[in-house]
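Q: Structure file query06.tsv (TSV, C-alpha atoms and all ligand atoms) right here:
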chain	number	residue	atom	x	y	z
A	1	MET	CA	102.24	178.24	165.80
A	2	ALA	CA	100.79	174.78	166.25
A	3	SER	CA	99.25	175.59	169.60
A	4	SER	CA	97.49	178.72	168.38
A	5	ALA	CA	95.96	176.65	165.60
A	6	ILE	CA	94.57	174.39	168.27
A	7	HIS	CA	93.20	177.16	170.39
A	8	ALA	CA	91.49	178.73	167.42
A	9	ALA	CA	89.68	175.53	166.57
A	10	GLU	CA	86.13	175.32	167.79
A	11	SER	CA	84.56	172.18	169.13
A	12	PHE	CA	82.44	170.65	166.50
A	13	SER	CA	80.61	167.43	165.82
A	14	ASN	CA	79.44	166.74	162.34
A	15	PRO	CA	75.65	166.41	162.54
A	16	ASN	CA	75.68	164.36	159.33
A	17	TRP	CA	77.59	161.48	160.86
A	18	ILE	CA	75.46	159.58	163.20
A	19	ASN	CA	77.37	156.77	164.81
A	20	HIS	CA	75.65	153.85	166.48
A	21	SER	CA	78.57	152.33	168.36
A	22	VAL	CA	77.94	150.25	171.44
A	23	ALA	CA	80.20	150.93	174.43
A	24	VAL	CA	82.47	148.05	175.41
A	25	GLU	CA	84.77	147.27	178.31
A	26	SER	CA	88.36	148.51	178.28
A	27	VAL	CA	90.65	145.68	177.17
A	28	GLN	CA	93.46	147.21	179.21
A	29	GLU	CA	91.38	146.71	182.37
A	30	LEU	CA	90.39	143.23	181.30
A	31	ALA	CA	94.03	142.27	180.65
A	32	LEU	CA	95.05	143.55	184.10
A	33	LYS	CA	92.80	140.91	185.64
A	34	LYS	CA	94.87	138.28	183.81
A	35	PRO	CA	91.84	136.13	183.07
A	36	ASN	CA	92.44	132.40	182.72
A	37	ASP	CA	89.53	132.21	180.39
A	38	ILE	CA	89.08	134.79	177.70
A	39	PRO	CA	85.50	136.08	177.55
A	40	GLN	CA	83.59	134.41	174.71
A	41	ARG	CA	83.04	137.68	172.89
A	42	TYR	CA	86.73	137.90	172.06
A	43	ILE	CA	87.18	134.32	170.90
A	44	ARG	CA	87.21	134.06	167.12
A	45	SER	CA	85.83	131.25	165.04
A	46	GLU	CA	88.49	128.82	163.93
A	47	ASP	CA	88.91	130.25	160.44
A	48	GLU	CA	89.51	133.75	161.83
A	49	ARG	CA	92.07	132.84	164.51
A	50	PRO	CA	95.71	133.77	164.01
A	51	SER	CA	97.56	130.69	162.97
A	52	SER	CA	99.37	129.25	166.00
A	53	THR	CA	102.47	128.41	163.99
A	54	PRO	CA	104.60	131.36	162.87
A	55	LEU	CA	104.07	132.27	159.24
A	56	PRO	CA	106.94	131.86	156.84
A	57	SER	CA	108.13	135.43	156.31
A	58	LEU	CA	109.79	134.93	152.97
A	59	LEU	CA	107.71	137.73	151.56
A	60	THR	CA	108.33	141.18	152.92
A	61	VAL	CA	106.54	144.43	152.24
A	62	PRO	CA	108.64	146.69	149.97
A	63	VAL	CA	110.65	149.48	151.61
A	64	ILE	CA	110.78	152.90	149.94
A	65	ASP	CA	113.56	155.38	150.58
A	66	MET	CA	111.97	158.81	150.41
A	67	GLU	CA	115.32	160.56	150.09
A	68	LYS	CA	115.89	158.89	146.73
A	69	LEU	CA	112.55	160.21	145.54
A	70	LEU	CA	113.67	163.77	146.24
A	71	LEU	CA	116.46	163.46	143.65
A	72	PRO	CA	116.01	165.17	140.25
A	73	SER	CA	113.52	163.32	138.05
A	74	GLU	CA	116.08	162.15	135.51
A	75	ASN	CA	118.27	160.57	138.21
A	76	HIS	CA	118.67	156.83	137.74
A	77	GLU	CA	118.31	156.01	141.47
A	78	ARG	CA	115.08	157.97	141.59
A	79	LYS	CA	113.65	156.22	138.55
A	80	LYS	CA	114.45	152.87	140.10
A	81	GLU	CA	112.79	153.85	143.38
A	82	MET	CA	109.68	155.10	141.52
A	83	GLY	CA	109.50	151.67	139.88
A	84	ILE	CA	109.65	149.95	143.27
A	85	LEU	CA	106.92	152.29	144.55
A	86	SER	CA	104.69	151.58	141.56
A	87	LYS	CA	105.11	147.84	141.96
A	88	ALA	CA	104.38	148.10	145.69
A	89	CYS	CA	101.11	149.93	144.98
A	90	VAL	CA	99.98	147.47	142.31
A	91	GLU	CA	101.13	144.23	143.91
A	92	TRP	CA	100.93	144.94	147.64
A	93	GLY	CA	98.88	148.02	148.42
A	94	PHE	CA	101.40	148.36	151.27
A	95	PHE	CA	104.95	149.62	151.70
A	96	GLN	CA	107.22	151.01	154.42
A	97	VAL	CA	108.76	154.45	154.06
A	98	VAL	CA	112.16	155.36	155.51
A	99	ASN	CA	113.94	158.73	155.44
A	100	HIS	CA	110.59	160.53	155.41
A	101	GLY	CA	111.93	163.55	157.24
A	102	ILE	CA	109.86	163.38	160.45
A	103	THR	CA	112.42	163.65	163.23
A	104	HIS	CA	113.09	160.75	165.57
A	105	SER	CA	112.56	162.96	168.57
A	106	LEU	CA	109.07	163.94	167.38
A	107	ILE	CA	108.20	160.28	166.73
A	108	ASP	CA	109.50	159.29	170.17
A	109	ARG	CA	107.45	162.00	171.84
A	110	MET	CA	104.34	161.09	169.83
A	111	ARG	CA	104.61	157.52	171.07
A	112	GLY	CA	105.34	158.90	174.51
A	113	VAL	CA	102.22	161.04	174.82
A	114	ALA	CA	100.02	158.28	173.39
A	115	ASN	CA	101.39	155.79	175.93
A	116	GLU	CA	101.13	158.23	178.81
A	117	PHE	CA	97.47	158.87	178.00
A	118	PHE	CA	96.66	155.16	177.87
A	119	SER	CA	98.37	154.67	181.23
A	120	LEU	CA	96.02	157.12	183.00
A	121	SER	CA	93.27	155.69	185.19
A	122	LEU	CA	90.16	154.41	183.44
A	123	GLU	CA	88.16	157.12	185.18
A	124	GLU	CA	90.41	159.81	183.72
A	125	LYS	CA	90.33	158.32	180.22
A	126	LYS	CA	86.57	158.03	180.27
A	127	LYS	CA	86.36	161.81	180.35
A	128	TYR	CA	87.34	161.52	176.71
A	129	ALA	CA	84.71	158.93	175.75
A	130	PRO	CA	82.77	159.72	172.56
A	131	HIS	CA	79.68	161.88	172.99
A	132	ALA	CA	76.46	160.19	171.94
A	133	GLY	CA	76.40	159.69	168.20
A	134	ASP	CA	79.96	160.86	167.68
A	135	VAL	CA	82.90	158.93	166.25
A	136	GLN	CA	85.71	160.59	168.15
A	137	GLY	CA	87.24	159.86	171.50
A	138	TYR	CA	88.47	157.05	173.76
A	139	GLY	CA	86.50	153.89	173.16
A	140	ASN	CA	85.57	151.69	170.29
A	141	VAL	CA	83.87	152.97	167.18
A	142	PHE	CA	83.23	149.89	165.12
A	143	VAL	CA	81.14	147.91	167.58
A	144	VAL	CA	77.65	148.18	166.15
A	145	ASP	CA	76.06	144.96	167.27
A	146	GLU	CA	75.63	143.50	170.78
A	147	ASP	CA	76.71	140.04	169.54
A	148	GLN	CA	79.65	141.07	167.40
A	149	LYS	CA	83.08	139.55	168.18
A	150	LEU	CA	85.32	142.07	169.92
A	151	ASP	CA	88.88	143.14	169.18
A	152	TRP	CA	91.58	142.78	171.86
A	153	GLY	CA	92.51	146.46	171.90
A	154	ASP	CA	91.55	149.95	173.07
A	155	LEU	CA	91.69	153.03	170.92
A	156	MET	CA	91.71	156.78	170.88
A	157	ALA	CA	90.31	158.32	167.68
A	158	LEU	CA	90.42	162.03	166.85
A	159	ALA	CA	89.67	164.19	163.84
A	160	LEU	CA	92.63	166.38	162.90
A	161	LYS	CA	91.40	168.24	159.82
A	162	PRO	CA	89.47	170.19	158.67
A	163	LYS	CA	89.15	172.50	161.66
A	164	LYS	CA	85.38	172.29	161.84
A	165	LEU	CA	85.63	168.58	162.72
A	166	VAL	CA	88.18	169.02	165.48
A	167	ASN	CA	86.57	168.47	168.86
A	168	LEU	CA	89.16	169.91	171.18
A	169	ALA	CA	87.27	168.80	174.28
A	170	LEU	CA	88.35	165.25	173.41
A	171	TRP	CA	92.05	166.10	173.06
A	172	PRO	CA	93.72	165.03	176.31
A	173	THR	CA	95.48	167.64	178.42
A	174	THR	CA	97.53	165.01	180.27
A	175	PRO	CA	100.37	164.75	179.48
A	176	SER	CA	100.55	168.48	179.08
A	177	ASP	CA	102.28	168.34	175.69
A	178	TYR	CA	99.77	165.84	174.24
A	179	ARG	CA	98.00	168.40	172.07
A	180	ASN	CA	101.09	170.16	170.79
A	181	THR	CA	102.87	166.92	170.02
A	182	LEU	CA	99.86	165.55	168.16
A	183	GLN	CA	99.56	168.79	166.22
A	184	ASN	CA	103.24	168.78	165.24
A	185	TYR	CA	103.20	165.13	164.31
A	186	THR	CA	100.07	165.71	162.20
A	187	THR	CA	101.87	168.46	160.29
A	188	GLY	CA	104.80	166.12	159.62
A	189	VAL	CA	102.61	163.24	158.49
A	190	GLU	CA	100.52	165.47	156.28
A	191	ARG	CA	103.64	166.62	154.46
A	192	VAL	CA	104.65	162.99	153.84
A	193	ALA	CA	101.11	162.09	152.75
A	194	GLN	CA	101.02	164.90	150.20
A	195	MET	CA	104.36	163.90	148.86
A	196	ILE	CA	103.31	160.28	148.48
A	197	LEU	CA	100.11	161.30	146.68
A	198	SER	CA	102.07	163.43	144.24
A	199	LEU	CA	104.36	160.45	143.57
A	200	PHE	CA	101.29	158.27	142.97
A	201	ALA	CA	100.02	160.88	140.51
A	202	GLU	CA	103.35	160.86	138.70
A	203	ASN	CA	103.38	157.06	138.47
A	204	LEU	CA	99.78	157.11	137.20
A	205	GLN	CA	100.70	159.70	134.57
A	206	LEU	CA	98.52	162.35	136.15
A	207	LYS	CA	99.69	165.88	136.85
A	208	SER	CA	101.84	165.76	139.98
A	209	ASP	CA	99.54	168.23	141.75
A	210	TYR	CA	96.48	166.22	140.74
A	211	PHE	CA	95.44	165.56	144.34
A	212	LYS	CA	96.03	169.11	145.53
A	213	GLU	CA	94.03	170.47	142.63
A	214	ASN	CA	91.10	168.09	142.90
A	215	PHE	CA	90.93	167.62	146.64
A	216	GLY	CA	91.68	170.97	148.16
A	217	ASP	CA	90.69	170.52	151.78
A	218	PRO	CA	91.57	166.95	152.80
A	219	MET	CA	90.21	165.33	155.92
A	220	MET	CA	92.66	163.73	158.32
A	221	THR	CA	92.07	161.58	161.39
A	222	VAL	CA	94.18	159.62	163.86
A	223	ARG	CA	93.57	156.31	165.55
A	224	MET	CA	95.90	155.28	168.35
A	225	ASN	CA	95.63	151.57	169.05
A	226	LEU	CA	96.73	149.94	172.29
A	227	TYR	CA	96.88	146.15	172.29
A	228	PRO	CA	97.47	144.79	175.82
A	229	PRO	CA	99.10	141.38	176.27
A	230	CYS	CA	96.64	138.54	175.84
A	231	PRO	CA	96.88	135.18	177.65
A	232	ARG	CA	95.59	133.44	174.49
A	233	PRO	CA	96.82	135.36	171.43
A	234	ASP	CA	96.03	132.29	169.33
A	235	LEU	CA	92.29	132.77	169.88
A	236	VAL	CA	91.78	136.53	169.50
A	237	LEU	CA	92.49	139.38	167.11
A	238	GLY	CA	93.77	142.81	168.10
A	239	LEU	CA	92.01	144.38	165.16
A	240	SER	CA	89.56	142.66	162.80
A	241	PRO	CA	90.46	142.30	159.12
A	242	HIS	CA	89.53	145.48	157.25
A	243	SER	CA	90.63	147.86	154.56
A	244	ASP	CA	91.08	151.53	155.41
A	245	GLY	CA	88.52	154.03	154.14
A	246	GLY	CA	90.71	156.97	153.08
A	247	PHE	CA	93.25	157.80	150.38
A	248	ILE	CA	96.23	156.47	152.31
A	249	THR	CA	97.09	155.49	155.87
A	250	LEU	CA	100.45	156.27	157.46
A	251	LEU	CA	101.00	154.04	160.43
A	252	LEU	CA	103.64	154.19	163.09
A	253	GLN	CA	104.07	150.63	164.28
A	254	ASP	CA	105.35	149.73	167.68
A	255	GLU	CA	109.10	150.09	167.68
A	256	GLN	CA	109.76	146.42	168.34
A	257	ILE	CA	106.64	144.38	168.63
A	258	GLU	CA	105.21	142.81	165.53
A	259	GLY	CA	101.44	142.64	165.13
A	260	LEU	CA	100.27	144.09	161.82
A	261	GLN	CA	99.62	141.56	159.07
A	262	VAL	CA	98.58	142.02	155.46
A	263	HIS	CA	96.50	139.60	153.44
A	264	LYS	CA	98.38	138.46	150.37
A	265	ASN	CA	98.08	135.30	148.28
A	266	ASN	CA	95.59	134.03	150.83
A	267	LYS	CA	98.16	134.25	153.63
A	268	TRP	CA	98.63	136.71	156.45
A	269	ILE	CA	102.08	138.26	156.06
A	270	PRO	CA	103.55	140.06	159.11
A	271	ILE	CA	105.06	143.50	158.62
A	272	GLN	CA	108.31	143.61	160.53
A	273	PRO	CA	108.88	146.84	162.41
A	274	ILE	CA	111.67	149.02	161.03
A	275	PRO	CA	112.68	151.68	163.57
A	276	TYR	CA	111.09	155.05	162.73
A	277	ALA	CA	109.62	153.86	159.43
A	278	LEU	CA	106.04	154.63	158.47
A	279	VAL	CA	103.90	151.80	157.11
A	280	VAL	CA	101.84	153.23	154.27
A	281	ASN	CA	98.83	151.53	152.78
A	282	ILE	CA	96.38	152.30	150.01
A	283	GLY	CA	92.85	153.02	151.20
A	284	ASP	CA	89.48	152.50	149.53
A	285	LEU	CA	89.38	155.99	147.97
A	286	ILE	CA	92.60	155.41	145.99
A	287	GLU	CA	91.31	152.03	144.86
A	288	VAL	CA	88.23	153.79	143.47
A	289	MET	CA	90.17	156.67	141.95
A	290	THR	CA	92.61	154.35	140.16
A	291	ASN	CA	89.76	152.00	139.19
A	292	GLY	CA	91.47	149.17	141.05
A	293	ILE	CA	94.97	149.59	139.61
A	294	TYR	CA	96.09	150.32	143.17
A	295	LYS	CA	94.30	148.13	145.67
A	296	SER	CA	93.23	148.77	149.19
A	297	ILE	CA	94.38	145.56	150.86
A	298	GLU	CA	92.88	143.81	153.83
A	299	HIS	CA	94.96	143.83	156.99
A	300	ARG	CA	94.55	142.96	160.66
A	301	ALA	CA	96.44	143.09	163.95
A	302	VAL	CA	97.29	140.17	166.20
A	303	THR	CA	98.33	140.23	169.86
A	304	ASN	CA	101.01	138.54	171.93
A	305	LYS	CA	101.33	137.10	175.44
A	306	GLU	CA	104.03	139.29	176.89
A	307	ARG	CA	103.90	142.87	175.83
A	308	THR	CA	101.60	145.78	175.16
A	309	ARG	CA	101.78	147.01	171.57
A	310	LEU	CA	101.05	150.59	170.50
A	311	SER	CA	100.38	151.77	166.96
A	312	ILE	CA	99.42	155.20	165.69
A	313	ALA	CA	97.54	155.31	162.40
A	314	MET	CA	96.91	158.55	160.54
A	315	PHE	CA	94.29	158.46	157.81
A	316	TYR	CA	94.46	160.92	154.95
A	317	TYR	CA	91.24	161.37	153.00
A	318	ALA	CA	89.60	163.41	150.26
A	319	GLY	CA	87.74	166.49	151.45
A	320	ILE	CA	84.41	165.88	153.15
A	321	ASP	CA	82.43	167.55	150.38
A	322	ASP	CA	84.39	166.06	147.48
A	323	GLU	CA	83.03	163.49	145.08
A	324	VAL	CA	85.09	160.39	144.39
A	325	ALA	CA	85.10	158.35	141.17
A	326	PRO	CA	87.60	156.57	138.93
A	327	THR	CA	89.62	159.29	137.26
A	328	ARG	CA	88.94	159.64	133.52
A	329	LYS	CA	92.56	158.94	132.67
A	330	VAL	CA	92.26	155.30	133.71
A	331	ILE	CA	88.88	154.52	132.11
A	332	ASN	CA	88.53	153.28	128.55
A	333	GLU	CA	86.69	150.62	126.56
A	334	GLU	CA	88.98	147.90	127.80
A	335	HIS	CA	88.84	149.16	131.36
A	336	PRO	CA	85.31	150.28	132.12
A	337	SER	CA	84.51	151.94	135.44
A	338	LEU	CA	84.38	149.40	138.26
A	339	TYR	CA	83.04	151.90	140.79
A	340	ARG	CA	80.25	154.41	140.76
A	341	LYS	CA	80.81	158.04	141.59
A	342	PHE	CA	79.84	158.89	145.16
A	343	LYS	CA	79.91	161.66	147.70
A	344	HIS	CA	82.79	161.16	150.10
A	345	GLN	CA	80.59	162.29	152.97
A	346	GLU	CA	78.20	159.39	152.34
A	347	TYR	CA	80.98	156.82	152.30
A	348	ILE	CA	82.34	158.08	155.62
A	349	GLN	CA	78.91	157.71	157.17
A	350	TYR	CA	78.52	154.22	155.71
A	351	TYR	CA	81.99	153.01	156.70
A	352	MET	CA	81.76	154.25	160.30
A	353	ASN	CA	78.62	152.31	160.97
A	354	LYS	CA	79.72	148.95	159.66
A	355	GLN	CA	81.56	146.41	161.67
A	356	LEU	CA	85.11	146.10	160.28
A	357	ASN	CA	84.76	143.28	157.82
A	358	GLY	CA	87.39	142.82	155.16
A	359	LYS	CA	86.67	144.79	152.05
A	360	LYS	CA	82.90	144.53	152.29
A	361	SER	CA	82.31	148.23	152.91
A	362	LEU	CA	83.75	149.35	149.61
A	363	ALA	CA	82.31	146.45	147.62
A	364	ASN	CA	78.79	146.95	148.95
A	365	PHE	CA	78.88	150.69	148.71
A	366	ALA	CA	80.45	151.51	145.38
A	367	LYS	CA	81.27	148.48	143.27
A	368	ILE	CA	79.45	148.21	139.96
A	369	CYS	CA	78.26	144.66	139.46
A	370	GLU	CA	78.74	143.18	136.00
B	1	LIG	C1	94.23	150.69	161.65
B	1	LIG	C2	95.17	149.54	161.52
B	1	LIG	C3	96.96	148.23	162.44
B	1	LIG	C4	97.81	148.17	163.64
B	1	LIG	O1	94.27	151.35	162.71
B	1	LIG	O2	93.47	150.92	160.69
B	1	LIG	O3	95.10	148.84	160.54
B	1	LIG	O4	98.89	147.56	163.55
B	1	LIG	N1	96.02	149.30	162.52
B	1	LIG	O5	97.43	148.68	164.68
B	2	NI	NI	93.81	149.74	159.03
Translate the structure described by the file into C-alpha cells.
A:
Amino acid sequence: MASSAIHAAESFSNPNWINHSVAVESVQELALKKPNDIPQRYIRSEDERPSSTPLPSLLTVPVIDMEKLLLPSENHERKKEMGILSKACVEWGFFQVVNHGITHSLIDRMRGVANEFFSLSLEEKKKYAPHAGDVQGYGNVFVVDEDQKLDWGDLMALALKPKKLVNLALWPTTPSDYRNTLQNYTTGVERVAQMILSLFAENLQLKSDYFKENFGDPMMTVRMNLYPPCPRPDLVLGLSPHSDGGFITLLLQDEQIEGLQVHKNNKWIPIQPIPYALVVNIGDLIEVMTNGIYKSIEHRAVTNKERTRLSIAMFYYAGIDDEVAPTRKVINEEHPSLYRKFKHQEYIQYYMNKQLNGKKSLANFAKICE
C-alpha cells in the first residue's frame, strides 16, 4: 500500500518556493579529519556558545501518556492528563509523548535507514543534493549568506505531503527499504499529529475536528539531522536557535545521546532522551492560531566529543493554500489579535530563506506592532 503511493507520486518542485541556499561542506567529512582547530565559520560568539558547565536539569519537559488520552472523556485519569497537556502547551511549548502507538520495530528501522544513508560515501549522498532553487535533499537549507556561522551537522530534508511536493528522485534507494520505511513512519507520525491537534482543539474549547475541518490537506516534511562528534563542542552549535515553522513538530531524538535544548526562563534546558518517545513542540502556526496562548519556543541542538547523534524531525503544517490567522474563538476586546492573517504559502517562502534565528521569522513576518 505504502509503496504504491510512492510510485504514483510524481516528481515535483514547487515553482513558488525559490530557495537561495549556499552549498556548504559536509560536517561528517570535516569531522573525519579530526581537525585540531575548528574552522572559524563554525565558532560561535561567546554569548551563543553552549555553556561549558552542565546545566542544572531540575526542570524537565512534561511527559504525556497518550494511552491515558484514549480513555473515555469523563475518565479522571484522562482529565488529569489533559490538564498536564494544556499546561505543557502554555508553559513550555514542548512535551514528550509516550505510548503513541508507533511500534518500536518501525522506529528502530526508521533510525536504521536514516543512519545507513548518512554512512554512504559523500559521492553517493551528493546524488541527492537539492536541485537549484529547491529546498529538498541532502545538504543545508538555511545557509543564505556566505559569512553566516555554520551549524555542526548535516541534514536530509524531504517533503512528504501533499503528493505534488514529493520529489521522489531525492528519496534514497539505498538502503533498499529506505522509501518504504519512511512512508510507513510518516503514516504513523501523521496519525499521532492529528490526534495531538484534536486534543489541542479540545483543550482550547474548539470542536475536536477543528483542524481537520479547517486545514484539509496538511503539508508534512521531514528533516533528518546528523551531528558528528566535535572536538570542541563548547564552541559550536549543532543547530542554531530557532522556532519551527509549522503547526507541530514530532521529533525522534537519538536513543541515548542528549543534544536538544529548549529555551526557558532565559536558560537552555536539555531534553533527556526517553526510549521511543516523541518530542513534540508547538510551531509558529499554532502560536498564531491560538494568538500566543500556545507558544512556539526557541530551541537548539548542541554536539558532543564522542558520539554521532541522529534526530528525525517531522513537521506537520497547515495546507499550502490555507490562510492562517488567530482563530475567532480566542480574540476579544481584552485579547486583540497579535498576528495578522497571512497565506501559509508566503510564510513558507519567507521562513525557508531566512537564516535560523530564534523567533525572528514569525515576529518580522506576522506580528502586529502595538
Ligand atoms: C529541528 C530541530 C533538534 C534536534 O530539526 O527543527 O529542532 O535535536 N532539531 O535535532
Ligand atoms: Ni526545530
Q: Excluding same-chain residues fewer than 5 positions from stretch 201-211 of chain A, what lies within 8 Å of it counting all atoms listed in the file, as a list in words?
A: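 Surrounding residues, per the criterion: Met82, Ser86, Gly216 and Lys329 of chain A.
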Q: For ligand NI 2 (chain B), which of A:Leu338, A:Ile269, A:Met224, A:Cys230 is the closest residue, counting all atoms listed in the file?
A: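 Answer, going by the shortest atom-to-atom distance: A:Met224.
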Q: Around ligand LIG 1 (chain B), at most 6 Å away and counting all atoms listed in the file, which residues are there? Put them as a list in words, please.
A: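 What falls inside 6 Å of ligand LIG 1 (chain B) is Arg223, Asn225, Asp244, Gly259, Leu260, Arg300, Ala301, Ser311 and Ala313 of chain A.
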Q: Once you count all atoms listed in the file, what closest atom pair and distance in Å to one decimal does each residue of chain A within 12 Å of ligand NI 2 (chain B) have, with rows by chain and rising residue number, as a tab-separated table?
A:
residue	atom	partner	partner_atom	distance
A:Gly93	CA	B:NI2	NI	11.9
A:Phe94	CA	B:NI2	NI	10.9
A:Val222	CA	B:NI2	NI	11.0
A:Arg223	CA	B:NI2	NI	9.3
A:Met224	CA	B:NI2	NI	11.0
A:Asn225	CA	B:NI2	NI	10.3
A:Gly238	CA	B:NI2	NI	11.4
A:Leu239	CA	B:NI2	NI	8.3
A:Ser240	CA	B:NI2	NI	9.1
A:Pro241	CA	B:NI2	NI	8.2
A:His242	CA	B:NI2	NI	6.3
A:Ser243	CA	B:NI2	NI	5.8
A:Asp244	CA	B:NI2	NI	4.9
A:Gly245	CA	B:NI2	NI	8.4
A:Gly246	CA	B:NI2	NI	9.9
A:Phe247	CA	B:NI2	NI	11.8
A:Ile248	CA	B:NI2	NI	9.8
A:Thr249	CA	B:NI2	NI	7.3
A:Leu250	CA	B:NI2	NI	9.4
A:Leu251	CA	B:NI2	NI	8.5
A:Leu252	CA	B:NI2	NI	11.5
A:Gln253	CA	B:NI2	NI	11.6
A:Leu260	CA	B:NI2	NI	9.0
A:Gln261	CA	B:NI2	NI	10.0
A:Val262	CA	B:NI2	NI	9.8
A:His263	CA	B:NI2	NI	11.9
A:Val279	CA	B:NI2	NI	10.5
A:Val280	CA	B:NI2	NI	10.0
A:Asn281	CA	B:NI2	NI	8.2
A:Ile282	CA	B:NI2	NI	9.7
A:Gly283	CA	B:NI2	NI	8.5
A:Asp284	CA	B:NI2	NI	10.8
A:Ser296	CA	B:NI2	NI	9.9
A:Ile297	CA	B:NI2	NI	9.2
A:Glu298	CA	B:NI2	NI	7.9
A:His299	CA	B:NI2	NI	6.4
A:Arg300	CA	B:NI2	NI	7.0
A:Ala301	CA	B:NI2	NI	8.7
A:Ser311	CA	B:NI2	NI	10.5
A:Ile312	CA	B:NI2	NI	10.3
A:Ala313	CA	B:NI2	NI	7.5
A:Met314	CA	B:NI2	NI	9.5
A:Phe315	CA	B:NI2	NI	8.8
A:Tyr316	CA	B:NI2	NI	11.9
A:Leu356	CA	B:NI2	NI	9.5
A:Asn357	CA	B:NI2	NI	11.2
A:Gly358	CA	B:NI2	NI	10.2
A:Lys359	CA	B:NI2	NI	11.1
Q: How many Å lie between atom CA of A:Tyr351 and atom CA of A:Glu48, rounded to one decimal?
A: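 It comes out at 21.3 Å.
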Q: If I take atom CA of A:Tyr178 and atom CA of A:Gln349, how far is one from the other in Å, to one decimal?
A: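 That distance, rounded to one decimal, is 28.2 Å.
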Q: Rounded to one decimal place, report the atom CA of A:Thr174-atom CA of A:Glu258 distance in Å.
A: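 One can read the atom CA of A:Thr174 to atom CA of A:Glu258 distance as 27.7 Å.
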Q: Box for stretch 171-184 of chain A - axis-aligned, 6 Å on each of the six sides, all listed atoms - centre and size in Å to one decimal, as AutoDock Vina command-line options.
A:
--center_x 97.6 --center_y 167.5 --center_z 172.8 --size_x 23.2 --size_y 17.4 --size_z 27.0
Q: For A:Arg328, which residue out of A:Met289, A:Val113, A:Met219, A:Leu69 is the nearest one, using only C-alpha atoms?
A: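 Going through A:Met289, A:Val113, A:Met219, A:Leu69 one by one, the smallest distance to A:Arg328 is for A:Met289.
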Q: Which neighbours of stretch 59-66 of chain A fall inside 10 Å, counting only C-alpha atoms, when residues of the same chain fewer than 4 positions from it are skipped, and could you give them as a ChimeraX atom specification?
A: /A:70-71,78,81-82,84-85,87-89,91-101,192,195-196,262,264,269-272,274,277-280
Q: Using all atoms listed in the file, which of the listed residues (A:Asn353, A:Ser198, A:Ser121, A:Thr327) sits closest to A:Glu29?
A: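 Among the listed residues, the smallest separation from A:Glu29 belongs to A:Ser121.
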Q: Quick one: of A:Leu237, A:Leu122, A:Leu160, A:Val90, who's nearest to A:Glu190, counting all atoms listed in the file?
A: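 Closest residue, counting all atoms listed in the file: A:Leu160.
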Q: Go through A:Ser361, A:Thr303, A:Ser45, A:Thr181 and flag the residue nearest A:Arg232, using all atoms listed in the file for the distances.
A: A:Thr303
Q: Could you check which of A:Val189, A:Ala129, A:Ala366, A:Leu106 is closest to A:Ser26, using all atoms listed in the file?
A: A:Ala129
